[in-house]
$ cat target.csv   # CSV, C-alpha atoms and all ligand atoms
chain,number,residue,atom,x,y,z
O,1,MET,CA,-31.8,-7.6,-0.6
O,2,GLN,CA,-28.8,-9.8,0.0
O,3,LEU,CA,-25.2,-8.7,-0.1
O,4,PHE,CA,-23.3,-9.9,-3.1
O,5,ASN,CA,-21.3,-12.6,-1.4
O,6,VAL,CA,-17.7,-12.1,-2.4
O,7,TYR,CA,-15.8,-11.9,0.9
O,8,PRO,CA,-15.1,-14.9,3.2
O,9,VAL,CA,-15.4,-13.2,6.6
O,10,ASN,CA,-14.4,-14.0,10.2
O,11,ASP,CA,-17.3,-14.3,12.5
O,12,ILE,CA,-16.5,-11.0,14.3
O,13,THR,CA,-18.3,-7.7,14.4
O,14,ILE,CA,-16.2,-4.7,15.3
O,15,THR,CA,-18.0,-1.9,17.1
O,16,LYS,CA,-15.2,0.2,18.6
O,17,ALA,CA,-11.6,1.0,17.8
O,18,GLU,CA,-8.8,3.0,19.3
O,19,GLY,CA,-5.1,3.2,18.5
O,20,SER,CA,-3.9,-0.4,17.8
O,21,TYR,CA,-6.9,-2.0,19.4
O,22,VAL,CA,-10.4,-2.9,18.2
O,23,TRP,CA,-13.4,-4.3,20.2
O,24,ASP,CA,-16.2,-6.6,19.1
O,25,ASP,CA,-19.9,-6.3,19.9
O,26,LYS,CA,-19.4,-8.5,22.9
O,27,GLY,CA,-16.7,-6.2,24.4
O,28,GLN,CA,-13.8,-8.5,23.5
O,29,GLN,CA,-10.6,-6.5,22.8
O,30,TYR,CA,-8.3,-7.4,19.9
O,31,LEU,CA,-4.8,-6.2,19.1
O,32,ASP,CA,-4.9,-5.0,15.5
O,33,LEU,CA,-1.7,-6.0,13.5
O,34,TYR,CA,-3.6,-6.0,10.3
O,35,GLY,CA,-4.9,-2.4,10.2
O,36,GLY,CA,-7.8,-3.5,7.9
O,37,HIS,CA,-5.3,-4.4,5.3
O,38,ALA,CA,-2.5,-1.8,5.8
O,39,VAL,CA,-5.1,1.0,5.9
O,40,ILE,CA,-4.8,2.2,9.5
O,41,SER,CA,-1.6,4.2,9.4
O,42,ILE,CA,-1.9,6.5,12.4
O,43,GLY,CA,-4.1,4.4,14.6
O,44,HIS,CA,-7.8,4.0,14.9
O,45,THR,CA,-9.9,7.1,15.8
O,46,HIS,CA,-6.8,9.2,16.4
O,47,PRO,CA,-8.2,12.4,18.2
O,48,HIS,CA,-6.6,14.8,15.8
O,49,TYR,CA,-8.0,12.9,12.8
O,50,VAL,CA,-11.5,12.7,14.3
O,51,LYS,CA,-11.4,16.4,15.2
O,52,ARG,CA,-10.2,17.5,11.7
O,53,LEU,CA,-12.8,15.3,9.9
O,54,THR,CA,-15.6,16.3,12.2
O,55,GLU,CA,-14.8,20.0,11.8
O,56,GLN,CA,-14.6,19.7,8.0
O,57,LEU,CA,-17.9,17.9,7.8
O,58,GLY,CA,-19.5,20.8,9.7
O,59,LYS,CA,-18.2,23.2,7.1
O,60,VAL,CA,-18.4,21.5,3.7
O,61,GLY,CA,-18.0,17.8,3.0
O,62,PHE,CA,-18.0,17.7,-0.7
O,63,TYR,CA,-17.9,19.9,-3.8
O,64,SER,CA,-16.5,18.8,-7.1
O,65,ASN,CA,-13.3,19.7,-8.9
O,66,SER,CA,-15.1,22.5,-10.8
O,67,VAL,CA,-14.3,25.0,-8.0
O,68,HIS,CA,-11.2,25.9,-6.0
O,69,ILE,CA,-10.5,23.5,-3.2
O,70,PRO,CA,-7.6,25.0,-1.2
O,71,LEU,CA,-7.3,21.9,0.9
O,72,GLN,CA,-5.9,20.1,-2.2
O,73,GLN,CA,-3.0,22.6,-2.4
O,74,GLN,CA,-2.4,22.3,1.3
O,75,LEU,CA,-2.3,18.5,0.9
O,76,ALA,CA,0.1,18.7,-2.0
O,77,LYS,CA,2.4,21.0,-0.1
O,78,LEU,CA,2.5,18.9,3.0
O,79,LEU,CA,2.8,15.6,1.0
O,80,GLY,CA,5.7,17.1,-0.9
O,81,GLN,CA,7.4,18.1,2.4
O,82,VAL,CA,6.8,14.8,4.2
O,83,SER,CA,7.7,12.6,1.2
O,84,GLY,CA,10.6,14.7,0.1
O,85,LYS,CA,9.2,14.9,-3.4
O,86,GLU,CA,8.4,18.6,-3.4
O,87,ASP,CA,8.8,19.1,-7.1
O,88,TYR,CA,6.3,16.4,-8.0
O,89,GLN,CA,2.6,17.1,-8.9
O,90,LEU,CA,-0.4,15.5,-7.2
O,91,PHE,CA,-3.5,14.0,-8.8
O,92,LEU,CA,-6.2,12.8,-6.3
O,93,CYS,CA,-8.5,9.8,-6.7
O,94,ASN,CA,-10.3,7.4,-4.4
O,95,SER,CA,-8.5,4.0,-4.3
O,96,GLY,CA,-5.4,2.0,-5.1
O,97,ALA,CA,-6.7,0.5,-8.3
O,98,GLU,CA,-7.8,3.8,-9.5
O,99,ALA,CA,-4.3,5.3,-8.7
O,100,ASN,CA,-2.6,2.5,-10.8
O,101,GLU,CA,-5.2,2.9,-13.6
O,102,ASN,CA,-4.4,6.6,-13.8
O,103,ALA,CA,-0.7,6.1,-13.6
O,104,LEU,CA,-0.7,3.5,-16.4
O,105,LYS,CA,-2.9,5.7,-18.6
O,106,LEU,CA,-0.7,8.8,-17.9
O,107,ALA,CA,2.4,6.8,-18.9
O,108,SER,CA,0.8,5.8,-22.2
O,109,PHE,CA,-0.3,9.4,-22.9
O,110,HIS,CA,3.3,10.5,-22.2
O,111,ASN,CA,5.3,8.2,-24.5
O,112,GLY,CA,2.6,6.8,-26.8
O,113,ASN,CA,3.6,3.2,-26.1
O,114,LYS,CA,1.4,0.4,-25.0
O,115,LYS,CA,3.4,-2.4,-23.5
O,116,ILE,CA,3.5,-2.6,-19.7
O,117,ILE,CA,6.0,-4.7,-17.7
O,118,ALA,CA,4.6,-6.2,-14.5
O,119,PHE,CA,6.0,-8.9,-12.3
O,120,LYS,CA,5.1,-12.4,-11.2
O,121,LYS,CA,3.0,-12.4,-7.9
O,122,SER,CA,2.2,-8.7,-8.4
O,123,PHE,CA,-1.1,-7.2,-7.2
O,124,HIS,CA,-2.1,-3.8,-8.6
O,125,GLY,CA,-5.9,-3.8,-8.1
O,126,ARG,CA,-9.2,-4.9,-9.8
O,127,THR,CA,-10.0,-2.3,-12.4
O,128,SER,CA,-9.4,-3.0,-16.1
O,129,LEU,CA,-5.7,-2.3,-16.7
O,130,ALA,CA,-4.7,-2.6,-13.0
O,131,VAL,CA,-6.1,-6.1,-12.9
O,132,ALA,CA,-4.6,-7.0,-16.3
O,133,ALA,CA,-1.2,-6.1,-14.7
O,134,THR,CA,-2.0,-8.3,-11.7
O,135,ASP,CA,-0.6,-11.8,-11.7
O,136,ASN,CA,-3.8,-13.7,-10.8
O,137,PRO,CA,-5.8,-15.0,-13.7
O,138,ALA,CA,-8.7,-15.9,-11.4
O,139,ILE,CA,-9.6,-12.2,-11.0
O,140,VAL,CA,-9.1,-11.2,-14.6
O,141,ALA,CA,-12.4,-11.2,-16.5
O,142,PRO,CA,-12.2,-12.1,-20.2
O,143,VAL,CA,-12.9,-8.4,-21.1
O,144,ASN,CA,-9.8,-7.4,-19.1
O,145,GLU,CA,-7.4,-9.7,-20.9
O,146,THR,CA,-4.8,-7.9,-23.0
O,147,ASP,CA,-1.5,-8.7,-24.6
O,148,ASN,CA,-0.2,-5.3,-23.6
O,149,VAL,CA,1.0,-6.6,-20.3
O,150,ILE,CA,4.3,-8.6,-20.1
O,151,PHE,CA,4.8,-10.5,-16.8
O,152,LEU,CA,8.5,-11.0,-15.9
O,153,PRO,CA,10.0,-13.1,-13.1
O,154,TRP,CA,10.7,-11.1,-9.9
O,155,GLU,CA,14.3,-9.9,-9.6
O,156,ASP,CA,15.5,-11.2,-13.1
O,157,PRO,CA,17.6,-8.3,-14.6
O,158,VAL,CA,18.3,-10.4,-17.8
O,159,ALA,CA,14.6,-11.0,-18.5
O,160,LEU,CA,14.1,-7.3,-18.0
O,161,GLU,CA,16.8,-6.3,-20.5
O,162,VAL,CA,15.4,-8.8,-23.1
O,163,ALA,CA,11.9,-7.4,-22.7
O,164,PHE,CA,13.2,-3.8,-23.3
O,165,GLN,CA,15.2,-5.0,-26.3
O,166,THR,CA,12.2,-6.7,-27.9
O,167,ASN,CA,9.3,-4.3,-27.2
O,168,GLU,CA,8.5,-0.6,-27.1
O,169,ILE,CA,7.9,-0.4,-23.4
O,170,CYS,CA,5.4,2.1,-22.0
O,171,ALA,CA,5.9,1.5,-18.3
O,172,VAL,CA,7.3,-0.8,-15.6
O,173,ILE,CA,4.9,-1.1,-12.7
O,174,ILE,CA,6.4,-2.6,-9.5
O,175,GLU,CA,5.6,-2.7,-5.8
O,176,GLY,CA,8.8,-1.9,-3.8
O,177,ILE,CA,7.6,-4.6,-1.5
O,178,GLN,CA,5.1,-7.1,-2.9
O,179,GLY,CA,2.2,-7.3,-0.4
O,180,VAL,CA,-0.5,-9.8,-1.6
O,181,GLY,CA,2.4,-11.7,-3.3
O,182,GLY,CA,3.8,-12.6,0.2
O,183,ILE,CA,6.0,-9.7,1.3
O,184,ASN,CA,8.8,-9.9,-1.2
O,185,VAL,CA,11.3,-7.0,-0.9
O,186,ALA,CA,12.7,-5.7,-4.3
O,187,SER,CA,16.5,-5.3,-4.0
O,188,PRO,CA,18.0,-1.8,-4.6
O,189,ALA,CA,20.0,-3.3,-7.5
O,190,PHE,CA,16.8,-4.4,-9.3
O,191,LEU,CA,15.0,-1.1,-8.8
O,192,GLN,CA,18.1,0.8,-10.0
O,193,LYS,CA,18.2,-1.5,-13.1
O,194,ILE,CA,14.5,-0.6,-13.8
O,195,ARG,CA,15.4,3.1,-13.4
O,196,SER,CA,18.3,2.9,-15.9
O,197,LEU,CA,16.3,0.9,-18.5
O,198,CYS,CA,13.3,3.3,-18.2
O,199,ASP,CA,15.7,6.2,-18.7
O,200,ALA,CA,17.4,4.6,-21.7
O,201,HIS,CA,14.1,3.7,-23.4
O,202,ASN,CA,11.9,6.7,-22.4
O,203,ALA,CA,9.7,4.3,-20.4
O,204,VAL,CA,7.8,5.3,-17.2
O,205,TYR,CA,8.8,3.9,-13.8
O,206,ILE,CA,5.6,3.4,-11.8
O,207,ALA,CA,6.2,2.7,-8.1
O,208,ASP,CA,3.1,1.0,-6.8
O,209,SER,CA,3.2,2.3,-3.2
O,210,VAL,CA,-0.4,1.6,-2.4
O,211,GLN,CA,0.5,-0.9,0.3
O,212,CYS,CA,4.3,-0.4,0.9
O,213,GLY,CA,4.2,3.4,0.8
O,214,TYR,CA,3.2,6.2,3.2
O,215,GLY,CA,5.9,5.5,5.7
O,216,ARG,CA,5.2,1.8,6.3
O,217,SER,CA,8.6,0.6,5.2
O,218,GLY,CA,10.5,3.0,7.5
O,219,LYS,CA,10.9,5.5,4.6
O,220,PHE,CA,8.1,7.4,3.0
O,221,PHE,CA,8.3,5.2,-0.2
O,222,SER,CA,9.8,1.8,0.0
O,223,HIS,CA,11.5,2.7,-3.3
O,224,ASP,CA,13.5,5.3,-1.4
O,225,HIS,CA,15.6,2.5,0.2
O,226,ALA,CA,17.1,2.0,-3.3
O,227,GLY,CA,17.9,5.7,-3.8
O,228,VAL,CA,15.9,5.8,-7.0
O,229,GLN,CA,13.2,8.4,-8.0
O,230,ALA,CA,10.2,6.8,-9.7
O,231,ASP,CA,8.3,8.8,-12.4
O,232,ILE,CA,5.0,8.2,-10.8
O,233,TYR,CA,4.2,6.9,-7.2
O,234,THR,CA,0.7,5.5,-6.6
O,235,MET,CA,-0.8,5.7,-3.1
O,236,ALA,CA,-4.0,4.8,-1.3
O,237,LYS,CA,-4.5,2.6,1.9
O,238,GLY,CA,-2.6,4.5,4.7
O,239,MET,CA,-3.2,7.8,3.0
O,240,GLY,CA,-6.6,8.4,4.7
O,241,ASN,CA,-6.4,6.1,7.7
O,242,GLY,CA,-9.7,4.5,6.6
O,243,PHE,CA,-11.2,7.4,4.7
O,244,PRO,CA,-11.2,6.4,1.0
O,245,ILE,CA,-8.6,8.4,-0.8
O,246,GLY,CA,-5.9,7.6,-3.4
O,247,GLY,CA,-3.5,9.6,-5.4
O,248,ILE,CA,-0.6,9.6,-7.7
O,249,ILE,CA,2.4,11.9,-7.5
O,250,ILE,CA,3.9,12.7,-10.9
O,251,SER,CA,7.4,13.8,-11.8
O,252,PRO,CA,7.8,17.4,-13.1
O,253,LYS,CA,8.6,16.1,-16.6
O,254,PHE,CA,4.9,15.2,-17.2
O,255,LYS,CA,2.8,18.1,-18.5
O,256,ALA,CA,-0.9,18.2,-17.6
O,257,SER,CA,-3.7,19.2,-19.9
O,258,TYR,CA,-7.3,19.8,-19.2
O,259,GLY,CA,-9.4,16.6,-19.2
O,260,MET,CA,-6.4,14.3,-19.4
O,261,LEU,CA,-7.4,12.7,-16.0
O,262,GLY,CA,-10.5,13.3,-14.0
O,263,THR,CA,-12.8,12.1,-11.3
O,264,THR,CA,-16.0,13.1,-9.5
O,265,PHE,CA,-15.0,12.3,-5.9
O,266,GLY,CA,-11.2,12.5,-6.0
O,267,GLY,CA,-9.8,15.3,-3.9
O,268,ASN,CA,-13.1,16.2,-2.1
O,269,HIS,CA,-13.0,18.3,1.0
O,270,LEU,CA,-13.5,15.5,3.5
O,271,ALA,CA,-10.9,13.2,1.8
O,272,CYS,CA,-8.3,16.0,1.9
O,273,ALA,CA,-9.0,16.8,5.5
O,274,ALA,CA,-8.5,13.1,6.3
O,275,ALA,CA,-5.2,13.0,4.3
O,276,LEU,CA,-4.0,16.2,5.9
O,277,ALA,CA,-4.7,14.9,9.4
O,278,VAL,CA,-2.8,11.7,8.6
O,279,LEU,CA,0.3,13.6,7.4
O,280,GLU,CA,0.2,16.0,10.3
O,281,VAL,CA,0.1,13.0,12.8
O,282,ILE,CA,2.9,11.1,10.8
O,283,SER,CA,5.1,14.2,11.1
O,284,GLN,CA,4.3,15.3,14.7
O,285,GLU,CA,4.6,11.8,16.1
O,286,ASN,CA,7.6,10.7,14.1
O,287,LEU,CA,5.7,7.6,12.9
O,288,ILE,CA,8.1,6.8,10.0
O,289,ALA,CA,11.0,6.5,12.4
O,290,ASN,CA,8.7,4.5,14.8
O,291,ALA,CA,7.8,2.1,11.9
O,292,GLU,CA,11.5,1.5,11.3
O,293,ALA,CA,12.4,1.0,14.9
O,294,ILE,CA,9.5,-1.3,15.9
O,295,GLY,CA,9.7,-3.1,12.6
O,296,ASN,CA,13.4,-3.8,13.1
O,297,TYR,CA,12.7,-5.0,16.7
O,298,LEU,CA,9.9,-7.3,15.5
O,299,MET,CA,12.0,-8.8,12.7
O,300,THR,CA,15.1,-9.3,14.9
O,301,GLU,CA,13.0,-11.2,17.5
O,302,LEU,CA,11.0,-13.2,15.0
O,303,LYS,CA,14.2,-14.4,13.3
O,304,LYS,CA,15.3,-15.9,16.6
O,305,LEU,CA,12.2,-18.2,16.8
O,306,PRO,CA,12.2,-21.8,15.8
O,307,LYS,CA,10.0,-23.4,13.0
O,308,ILE,CA,9.6,-20.2,11.0
O,309,LYS,CA,10.8,-20.7,7.4
O,310,GLU,CA,11.6,-17.1,6.7
O,311,VAL,CA,10.9,-13.5,8.0
O,312,ARG,CA,10.8,-10.9,5.2
O,313,GLY,CA,10.0,-7.2,5.0
O,314,ARG,CA,10.9,-3.7,6.0
O,315,GLY,CA,9.6,-1.5,8.8
O,316,LEU,CA,6.0,-2.5,9.7
O,317,MET,CA,5.4,-4.5,6.6
O,318,ILE,CA,6.5,-8.0,7.7
O,319,GLY,CA,5.9,-11.5,6.3
O,320,ILE,CA,6.3,-14.6,8.4
O,321,GLU,CA,6.5,-17.7,6.3
O,322,LEU,CA,5.5,-20.8,8.1
O,323,PRO,CA,5.7,-24.4,7.1
O,324,ALA,CA,2.5,-26.0,5.9
O,325,GLU,CA,1.9,-27.9,9.1
O,326,LEU,CA,1.7,-24.5,11.0
O,327,ALA,CA,-0.9,-23.0,8.7
O,328,HIS,CA,-3.3,-23.0,11.6
O,329,VAL,CA,-1.2,-20.4,13.6
O,330,LYS,CA,-3.0,-17.4,12.0
O,331,LYS,CA,-6.4,-18.6,13.2
O,332,GLU,CA,-5.0,-19.4,16.7
O,333,LEU,CA,-3.6,-15.8,16.9
O,334,LEU,CA,-7.0,-14.4,16.1
O,335,PHE,CA,-9.3,-16.7,18.1
O,336,LYS,CA,-7.1,-17.7,21.0
O,337,HIS,CA,-4.8,-14.7,21.4
O,338,LYS,CA,-7.2,-12.1,20.0
O,339,ILE,CA,-4.7,-10.7,17.6
O,340,PHE,CA,-5.6,-9.7,14.0
O,341,THR,CA,-3.0,-10.4,11.4
O,342,GLY,CA,-3.1,-10.5,7.6
O,343,GLU,CA,-2.1,-13.4,5.3
O,344,ALA,CA,-0.7,-14.2,2.0
O,345,LYS,CA,-1.2,-17.5,0.3
O,346,PRO,CA,-0.3,-20.2,1.1
O,347,ASN,CA,1.4,-19.8,4.5
O,348,VAL,CA,2.6,-16.3,5.1
O,349,ILE,CA,1.3,-14.2,8.1
O,350,ARG,CA,1.4,-10.6,7.1
O,351,LEU,CA,1.8,-7.9,9.7
O,352,LEU,CA,0.5,-4.5,8.5
O,353,PRO,CA,-0.2,-2.6,11.8
O,354,SER,CA,-0.6,1.1,12.5
O,355,LEU,CA,2.8,2.9,12.2
O,356,ALA,CA,2.2,4.0,15.8
O,357,LEU,CA,2.6,0.4,17.1
O,358,THR,CA,4.5,0.4,20.4
O,359,LYS,CA,7.1,-2.1,21.7
O,360,GLU,CA,4.5,-3.3,24.2
O,361,HIS,CA,2.2,-4.2,21.3
O,362,ALA,CA,5.0,-5.9,19.6
O,363,ASP,CA,5.8,-7.9,22.7
O,364,GLN,CA,2.2,-9.0,23.1
O,365,PHE,CA,2.4,-10.5,19.6
O,366,LEU,CA,5.8,-12.1,20.2
O,367,THR,CA,4.6,-13.8,23.4
O,368,ALA,CA,1.6,-15.2,21.5
O,369,ILE,CA,3.4,-16.5,18.5
O,370,LYS,CA,6.2,-18.0,20.7
O,371,GLN,CA,3.5,-19.9,22.5
O,372,GLU,CA,2.0,-21.2,19.3
O,373,LEU,CA,5.4,-22.2,17.9
O,374,ALA,CA,6.2,-24.1,21.1
O,375,ASN,CA,3.1,-26.3,20.8
O,401,LIG,C1,0.1,-3.0,-4.0
O,401,LIG,C2,-1.4,-2.8,-4.2
O,401,LIG,N1,-1.8,-2.1,-5.3
O,401,LIG,C3,-3.1,-1.8,-5.5
O,401,LIG,C4,-4.1,-2.2,-4.6
O,401,LIG,C5,-5.5,-1.9,-4.9
O,401,LIG,O1,-6.0,-1.0,-4.0
O,401,LIG,P1,-7.6,-0.8,-3.8
O,401,LIG,O2,-8.1,-2.1,-3.1
O,401,LIG,O3,-7.7,0.4,-2.9
O,401,LIG,O4,-8.2,-0.6,-5.1
O,401,LIG,C6,-3.7,-3.0,-3.5
O,401,LIG,C7,-4.7,-3.5,-2.6
O,401,LIG,O5,-4.5,-4.4,-1.8
O,401,LIG,C8,-2.3,-3.3,-3.3
O,401,LIG,O6,-1.9,-4.0,-2.3
$ encode --input "target.csv" --output "structure tokens"
Amino acid sequence: MQLFNVYPVNDITITKAEGSYVWDDKGQQYLDLYGGHAVISIGHTHPHYVKRLTEQLGKVGFYSNSVHIPLQQQLAKLLGQVSGKEDYQLFLCNSGAEANENALKLASFHNGNKKIIAFKKSFHGRTSLAVAATDNPAIVAPVNETDNVIFLPWEDPVALEVAFQTNEICAVIIEGIQGVGGINVASPAFLQKIRSLCDAHNAVYIADSVQCGYGRSGKFFSHDHAGVQADIYTMAKGMGNGFPIGGIIISPKFKASYGMLGTTFGGNHLACAAALAVLEVISQENLIANAEAIGNYLMTELKKLPKIKEVRGRGLMIGIELPAELAHVKKELLFKHKIFTGEAKPNVIRLLPSLALTKEHADQFLTAIKQELAN
């Protein structure tokens, strides 16, 4: 059997990983500033994470949501404490798309409306409604097309007001920092505008925090920088440090009923153990403060460099926009300097490392990119 060939891959096979480094099958070490796409939040193979998962696997790995799973309550409690959203409710699933799918569905159950506002360059996942709210026609299958999604320009408060005046809006879904779209930071004023329009029209504010959440921006949710409370926050990626887990946290104004949402795998014992280990390490090692400090350092230093068009981001979610003639820099970083980075089309290098990145790691990257920009 062949694999269904949907991923263009680098010719590298990773066989070992630790902290912010990975090694290939030939023993070559790489600095990982990509984190497998913002997934590695506490560092690869963190000892506490490995221990907690291994111990859990020796007890019970999975049982369904038809029995009590106290690990779920423990996770909800700790997540409430670390995120500061103690009065919210947690629903667990398995991926970012699934989190957004459930959030949109819940919004529509809540107010009975159908129209979703999403933004240009947004990415919300590949399942039916999540992909319909994603601004990339190439990945929307005919069956996913719907006129229930209204795409608005990014940061255009007037277009937002007009959309609210002319439609019965169900929800606004927005990434606090667009990831796939090229690291675009939503301004506090724009997020506050969304909050006030949602309040005025009984619409649901969905903060897609799948990539920009979980401490990456220097606050638990990037929307926290704007001082607003979303109605639903969606999460995945960094939540399990590589173990597949997603979730939504839901404002107390939503009332649950049996069968409203559901999943086979969501909230299983192993996934909860992984997510608990992540939150324990984030708190014990002050990783959110570290993300802010190292992120600020990186952005300050990057802004001093020549040839870069723009440096955008917050915390350890950084976009470096390069002119077209420097499009090759990302490949040089990987194959010459042995540093993994992410990208956004056409010419943005995306840094999405572990929140435990040190100043020494940051300096290793700065030395490499300086050398490339000097050529
Ligand atoms: C902002 C955002 N939302 C949703 C998703 C979808 O997550 P998943 O790939 O886990 O379904 C992604 C994935 O890149 C994302 O960046």
$ atom_distance --input "target.csv" --atom1 "CA of Glu161 (chain O)" --atom2 "CA of Ala200 (chain O)"
11.0 Å
$ residues_near_ligand --input "target.csv" --ligand "ligand LIG 401 (chain O)" --cutoff "7 Å" --atoms "all atoms listed in the file" --output "list in words"
Ser95, Gly96, Ala97, Glu98, Asn100, Phe123, His124, Gly125, Arg126, Glu175, Gln178, Gly179, Val180, Asp208, Ser209, Val210, Gln211, Cys212, Ala236 and Lys237 of chain O
$ closest_residue --input "target.csv" --among "O:Val50, O:Ile288, O:Ala189, O:Ala207" --to "Leu355 (chain O)" --atoms "all atoms listed in the file"
O:Ile288
$ residues_around --input "target.csv" --residues "Glu285 (chain O)" --least-positions-apart "4" --cutoff "12 Å" --atoms "all atoms listed in the file" --output "ChimeraX atom specification"
/O:41-43,46,48,277-281,289-291,355-357
$ closest_residue --input "target.csv" --among "O:Leu3, O:Ile150, O:Ala103, O:Val22" --to "Ala130 (chain O)" --atoms "only C-alpha atoms"
O:Ala103
$ atom_distance --input "target.csv" --atom1 "CA of Gly112 (chain O)" --atom2 "CA of Glu86 (chain O)"
26.8 Å
$ closest_residue --input "target.csv" --among "O:Ala107, O:Asn5, O:Ala271, O:Leu352" --to "Gly242 (chain O)" --atoms "all atoms listed in the file"
O:Ala271
$ closest_atom_pairs --input "target.csv" --of "region 258-316 of chain O" --to "region 51-73 of chain O" --cutoff "10 Å" --atoms "only C-alpha atoms" --output "CSV"
residue,atom,partner,partner_atom,distance
O:Gly262,CA,O:Asn65,CA,8.6
O:Thr263,CA,O:Asn65,CA,8.0
O:Thr264,CA,O:Ser64,CA,6.2
O:Phe265,CA,O:Ser64,CA,6.8
O:Gly266,CA,O:Asn65,CA,8.0
O:Gly267,CA,O:Gln72,CA,6.4
O:Asn268,CA,O:Phe62,CA,5.3
O:His269,CA,O:Phe62,CA,5.3
O:Leu270,CA,O:Gly61,CA,5.1
O:Ala271,CA,O:Gly61,CA,8.5
O:Cys272,CA,O:Leu71,CA,6.1
O:Ala273,CA,O:Leu53,CA,6.0
O:Ala274,CA,O:Leu53,CA,6.0
O:Ala275,CA,O:Gln72,CA,9.7
O:Leu276,CA,O:Leu71,CA,8.3
O:Ala277,CA,O:Arg52,CA,6.5
O:Val278,CA,O:Arg52,CA,9.9
$ residues_around --input "target.csv" --residues "Lys345 (chain O)" --least-positions-apart "5" --cutoff "10 Å" --atoms "all atoms listed in the file" --output "VMD selection string"
chain O and resid 180 to 182 321
$ closest_residue --input "target.csv" --among "O:Ala76, O:Leu322, O:Ile169, O:Val140" --to "Lys307 (chain O)" --atoms "only C-alpha atoms"
O:Leu322
$ atom_distance --input "target.csv" --atom1 "CA of Leu152 (chain O)" --atom2 "CA of Phe119 (chain O)"
4.9 Å
$ closest_residue --input "target.csv" --among "O:Phe4, O:Tyr214, O:Tyr30, O:Phe164" --to "Lys336 (chain O)" --atoms "all atoms listed in the file"
O:Tyr30
$ residues_around --input "target.csv" --residues "Glu310 (chain O)" --least-positions-apart "6" --cutoff "10 Å" --atoms "only C-alpha atoms" --output "JSON, numbers by chain"
{"O": [302, 303, 319, 320, 321, 322, 323, 348]}
$ closest_residue --input "target.csv" --among "O:Val131, O:Leu261, O:Ala327, O:Val158" --to "Glu145 (chain O)" --atoms "only C-alpha atoms"
O:Val131
$ axis_aligned_box --input "target.csv" --around "region 88-98 of chain O" --padding-each-side "8 Å" --output "JSON"
{"center_x": -2.0, "center_y": 8.8, "center_z": -6.9, "size_x": 32.6, "size_y": 32.6, "size_z": 21.2}
